[in-house]
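Listing of protein29.csv, CSV, C-alpha atoms
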chain,number,residue,atom,x,y,z
X,347,MET,CA,56.9,-22.8,-4.5
X,348,ARG,CA,56.2,-19.1,-5.4
X,349,TYR,CA,52.9,-17.7,-6.4
X,350,ALA,CA,52.3,-14.5,-8.4
X,351,PRO,CA,50.5,-11.8,-6.4
X,352,ALA,CA,47.7,-11.6,-9.0
X,353,ALA,CA,47.1,-15.3,-8.6
X,354,ILE,CA,46.9,-15.0,-4.8
X,355,ALA,CA,44.6,-12.0,-5.1
X,356,SER,CA,42.3,-13.9,-7.5
X,357,VAL,CA,42.0,-16.9,-5.2
X,358,PHE,CA,41.4,-14.6,-2.2
X,359,LEU,CA,38.6,-12.6,-4.0
X,360,ALA,CA,37.0,-15.8,-5.2
X,361,CYS,CA,36.6,-17.0,-1.6
X,362,LEU,CA,34.9,-13.8,-0.4
X,363,PRO,CA,31.1,-14.1,0.0
X,364,THR,CA,29.2,-12.3,-2.7
X,365,VAL,CA,26.9,-9.6,-1.5
X,366,ALA,CA,23.5,-9.4,-3.3
X,367,PRO,CA,22.2,-6.0,-4.2
X,368,ALA,CA,19.8,-4.5,-1.6
X,369,GLN,CA,17.0,-4.7,-4.1
X,370,GLU,CA,17.4,-8.4,-4.6
X,371,SER,CA,17.4,-9.1,-0.9
X,372,GLN,CA,14.2,-7.0,-0.4
X,373,ILE,CA,12.5,-8.7,-3.3
X,374,SER,CA,13.7,-12.2,-2.2
X,375,ALA,CA,11.9,-11.7,1.2
X,376,LEU,CA,8.7,-12.2,-0.9
X,377,SER,CA,9.8,-15.5,-2.5
X,378,TRP,CA,6.9,-17.2,-0.7
X,379,LEU,CA,4.5,-15.4,-3.1
X,380,ALA,CA,6.0,-17.0,-6.2
X,381,GLY,CA,4.0,-19.7,-7.9
X,382,CYS,CA,0.4,-20.2,-9.1
X,383,TRP,CA,-2.6,-19.5,-6.9
X,384,ALA,CA,-6.1,-20.6,-7.8
X,385,SER,CA,-9.1,-18.8,-6.5
X,386,GLU,CA,-10.9,-20.9,-3.9
X,387,SER,CA,-14.3,-19.3,-4.7
X,388,GLY,CA,-13.9,-18.4,-8.4
X,389,GLU,CA,-14.4,-20.4,-11.6
X,390,PRO,CA,-11.6,-22.6,-12.9
X,391,GLY,CA,-8.9,-20.4,-14.5
X,392,SER,CA,-9.3,-17.6,-11.9
X,393,GLY,CA,-6.2,-16.8,-9.9
X,394,GLU,CA,-2.8,-15.3,-9.8
X,395,HIS,CA,0.6,-16.4,-11.2
X,396,TRP,CA,3.8,-14.8,-9.7
X,397,MET,CA,7.2,-15.4,-11.2
X,398,PRO,CA,10.1,-15.9,-8.6
X,399,PRO,CA,12.3,-13.0,-7.8
X,400,ALA,CA,14.9,-12.2,-10.5
X,401,GLY,CA,16.6,-9.1,-11.7
X,402,GLY,CA,15.2,-7.1,-8.8
X,403,THR,CA,11.5,-7.8,-9.7
X,404,MET,CA,8.7,-10.2,-9.3
X,405,LEU,CA,6.2,-10.2,-12.1
X,406,GLY,CA,2.6,-11.4,-11.8
X,407,ALA,CA,-0.6,-11.7,-13.7
X,408,ALA,CA,-4.2,-12.2,-12.4
X,409,ARG,CA,-7.3,-13.4,-14.2
X,410,THR,CA,-11.0,-13.6,-13.2
X,411,VAL,CA,-13.2,-16.0,-15.1
X,412,ARG,CA,-17.0,-15.8,-15.0
X,413,GLY,CA,-19.3,-17.9,-17.2
X,414,GLY,CA,-16.3,-19.4,-18.8
X,415,GLU,CA,-15.0,-16.0,-20.0
X,416,THR,CA,-12.2,-13.8,-18.8
X,417,VAL,CA,-13.9,-10.7,-17.4
X,418,GLU,CA,-10.9,-9.1,-15.6
X,419,HIS,CA,-7.2,-9.3,-15.8
X,420,GLU,CA,-4.3,-7.5,-14.2
X,421,PHE,CA,-0.6,-7.3,-14.8
X,422,LEU,CA,1.5,-6.9,-11.6
X,423,GLN,CA,5.0,-6.0,-10.6
X,424,ILE,CA,6.9,-5.8,-7.3
X,425,ARG,CA,10.2,-3.9,-7.5
X,426,GLN,CA,12.1,-1.1,-5.8
X,427,ASP,CA,11.4,2.5,-6.7
X,428,SER,CA,14.1,5.1,-7.3
X,429,ALA,CA,14.1,5.9,-3.5
X,430,GLY,CA,14.8,2.3,-2.7
X,431,LYS,CA,11.4,1.5,-1.4
X,432,LEU,CA,9.6,-1.8,-2.3
X,433,VAL,CA,6.6,-1.1,-4.5
X,434,TYR,CA,3.7,-3.0,-6.0
X,435,VAL,CA,2.7,-1.8,-9.5
X,436,ALA,CA,-0.8,-2.8,-10.7
X,437,LEU,CA,-2.2,-2.4,-14.2
X,438,PRO,CA,-5.8,-3.7,-14.1
X,439,SER,CA,-7.9,-4.2,-17.2
X,440,ARG,CA,-9.4,-0.9,-18.5
X,441,GLN,CA,-7.6,1.2,-15.8
X,442,LYS,CA,-4.4,3.2,-15.3
X,443,GLU,CA,-1.3,1.8,-13.7
X,444,THR,CA,-1.1,2.5,-10.0
X,445,THR,CA,1.8,2.1,-7.6
X,446,PHE,CA,1.5,1.1,-3.9
X,447,THR,CA,4.5,1.4,-1.5
X,448,ALA,CA,5.3,-1.3,1.0
X,449,THR,CA,4.4,-0.3,4.6
X,450,SER,CA,5.0,-3.7,6.2
X,451,VAL,CA,7.1,-6.6,5.1
X,452,ALA,CA,7.1,-9.7,7.4
X,453,GLU,CA,8.2,-13.3,7.0
X,454,ASN,CA,4.9,-14.4,5.4
X,455,SER,CA,3.0,-11.2,4.7
X,456,VAL,CA,3.3,-7.9,2.9
X,457,THR,CA,1.2,-4.7,2.9
X,458,PHE,CA,1.3,-2.0,0.2
X,459,GLU,CA,-0.4,1.3,0.5
X,460,ASN,CA,-1.3,4.3,-1.7
X,461,ALA,CA,-3.6,6.8,0.3
X,462,GLN,CA,-4.1,8.9,-2.9
X,463,HIS,CA,-5.7,6.1,-4.9
X,464,ASP,CA,-9.5,6.0,-5.3
X,465,PHE,CA,-9.9,2.3,-4.4
X,466,PRO,CA,-8.2,0.3,-3.1
X,467,GLN,CA,-5.7,2.2,-0.9
X,468,ARG,CA,-4.2,-1.0,0.6
X,469,VAL,CA,-3.1,-4.3,-1.0
X,470,ILE,CA,-2.3,-7.2,1.4
X,471,TYR,CA,-0.9,-10.6,0.8
X,472,LYS,CA,-0.5,-13.2,3.6
X,473,ALA,CA,0.7,-16.8,3.3
X,474,LEU,CA,-1.4,-19.2,5.3
X,475,PRO,CA,-0.8,-22.8,6.4
X,476,GLY,CA,-1.8,-25.6,3.9
X,477,ASN,CA,-0.4,-23.8,0.9
X,478,ARG,CA,-3.0,-21.1,1.0
X,479,LEU,CA,-2.8,-17.4,0.3
X,480,ALA,CA,-5.1,-14.6,1.6
X,481,ALA,CA,-5.0,-11.5,-0.6
X,482,ARG,CA,-7.1,-8.5,0.4
X,483,ILE,CA,-7.7,-5.1,-1.1
X,484,GLU,CA,-9.2,-2.4,1.1
X,485,GLY,CA,-9.8,1.3,1.6
X,486,LEU,CA,-12.4,4.0,1.7
X,487,ARG,CA,-15.0,4.2,-1.0
X,488,ASN,CA,-17.6,7.0,-0.7
X,489,GLY,CA,-16.4,7.6,2.9
X,490,ALA,CA,-17.0,4.0,4.0
X,491,LEU,CA,-14.3,1.4,4.7
X,492,ARG,CA,-14.6,-1.5,2.2
X,493,GLY,CA,-12.6,-4.7,1.8
X,494,ILE,CA,-12.5,-7.5,-0.7
X,495,ASP,CA,-10.9,-10.8,0.1
X,496,PHE,CA,-9.3,-13.2,-2.4
X,497,ASN,CA,-8.6,-16.6,-0.9
X,498,MET,CA,-6.4,-18.8,-3.0
X,499,LYS,CA,-4.6,-22.1,-2.8
X,500,ARG,CA,-1.2,-23.0,-4.4
X,501,ILE,CA,-1.5,-25.3,-7.4
X,502,PRO,CA,0.8,-26.5,-10.2
X,503,CYS,CA,1.0,-23.7,-12.7
X,504,GLU,CA,-0.2,-25.9,-15.6
X,505,SER,CA,-3.4,-26.4,-13.5
X,506,LEU,CA,-4.3,-22.7,-13.7
X,507,VAL,CA,-6.3,-23.2,-16.8
X,508,SER,CA,-10.0,-23.3,-17.5
X,509,LYS,CA,-11.4,-26.7,-18.1

The structure given in the file should be rewritten as structure tokens.
Amino acid sequence: MRYAPAAIASVFLACLPTVAPAQESQISALSWLAGCWASESGEPGSGEHWMPPAGGTMLGAARTVRGGETVEHEFLQIRQDSAGKLVYVALPSRQKETTFTATSVAENSVTFENAQHDFPQRVIYKALPGNRLAARIEGLRNGALRGIDFNMKRIPCESLVSK
């Protein structure tokens, strides 16, 4: 039996492993962040929702509820910048968009920094046992080091609503 060279080449190429773009592999290292996270100390409806990595990005949204009303919100994005570095882009309510660059990416944690930003200069996410997430913002404010912790637990996304 004789096979055409094009048919053999097609079969050979189909068997080769596909190589994901570098940006997708960097983003996929943060897959543990995907899902819905409820604030452990905030009112119902407070928390973050991160979409799984796709197309070289992770998209997120955060909401803070007090007295049954949304008082803060934030649109979030993790992607690669033009230099190939992983960045966290935050657009908080009533503020300008700010970009933080990843300085540490580990199996269950990531740290982003922007020394030029007023506050915070650092954004940290760390996965904890028991489907928990520790998020922290920190930096200098008026010359003093300040940090704010956001402890969250994973919940079904449809549960991230105010009741």

Spatial neighbours of Ile424 (chain X), 8 Å, all atoms listed in the file, chain gap at least 3 places, as a CSV table (one decimal) with C-alpha atoms, in the coordinates of the input:
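Output saved as out-v3.csv:
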chain,number,residue,atom,x,y,z
X,373,ILE,CA,12.5,-8.7,-3.3
X,403,THR,CA,11.5,-7.8,-9.7
X,404,MET,CA,8.7,-10.2,-9.3
X,405,LEU,CA,6.2,-10.2,-12.1
X,432,LEU,CA,9.6,-1.8,-2.3
X,433,VAL,CA,6.6,-1.1,-4.5
X,434,TYR,CA,3.7,-3.0,-6.0
X,435,VAL,CA,2.7,-1.8,-9.5

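Pairwise distance (CA of Thr444 (chain X), CA of Ala408 (chain X)) equals 15.2 Å.
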
Mind pulling up the distance from CA of Ser385 (chain X) to CA of Met397 (chain X)?
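Separation between CA of Met397 (chain X) and CA of Ser385 (chain X): 17.3 Å.
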
Using all atoms listed in the file, which of X:Asn497, X:His419, X:Arg425, X:Pro466 sits nearest Thr447 (chain X)?
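Residue with the minimum atom-to-atom distance to Thr447 (chain X): X:Arg425.
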
Applying 12 Å and all atoms listed in the file, which residues near Ala448 (chain X) remain after dropping the ones on its own chain fewer than 2 positions away? List them as a list in words.
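Counting all atoms listed in the file, the residues come to Gln372, Ile373, Leu376, Ile424, Arg425, Gln426, Asp427, Gly430, Lys431, Leu432, Val433, Tyr434, Val435, Thr445, Phe446, Ser450, Val451, Ala452, Ser455, Val456, Thr457, Phe458, Glu459, Asn460, Gln467, Arg468, Val469, Ile470 and Tyr471 of chain X.
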
Could you check the closest approach to Arg440 (chain X) for each of X:Arg478, X:Ile483, X:Ser377, X:Glu420 and tell me which residue wins, using all atoms listed in the file?
X:Glu420

For the point (-1.3, -12.3, -11.8) in file coordinates, what residues are within 7 Å, counting only C-alpha atoms? Give the answer as a list in words?
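The distance filter leaves exactly Gly393, Glu394, His395, Trp396, Gly406, Ala407, Ala408, Arg409, Glu420, Phe421 and Leu422 of chain X.
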
Measure the distance from CA of Val417 (chain X) to CA of Ala436 (chain X) in Å and round it to one decimal.
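For CA of Val417 (chain X) relative to CA of Ala436 (chain X), the distance reads 16.7 Å.
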
Taking all atoms listed in the file into account, which of X:Ala490, X:Gln462, X:Glu418, X:Asp495 comes nearest Pro438 (chain X)?
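Distance minimum relative to Pro438 (chain X) lands on X:Glu418.
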
Residue nearest Met498 (chain X) among X:Leu486, X:Ala480, X:Ala461, X:Val411 (counting all atoms listed in the file):
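Closest to Met498 (chain X), using all atoms listed in the file: X:Ala480.
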
Have a look at X:Pro398, X:Ser428, X:Glu443, X:Glu386 and name the one nearest to Thr410 (chain X); count only C-alpha atoms.
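Counting only C-alpha atoms, the residue closest to Thr410 (chain X) is X:Glu386.
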
Please determine, counting only C-alpha atoms, which residue among X:Cys382, X:Gln423, X:Arg487, X:Thr416 has the shortest atom-to-atom distance to Gly402 (chain X).
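Using only C-alpha atoms, the shortest distance to Gly402 (chain X) belongs to X:Gln423.
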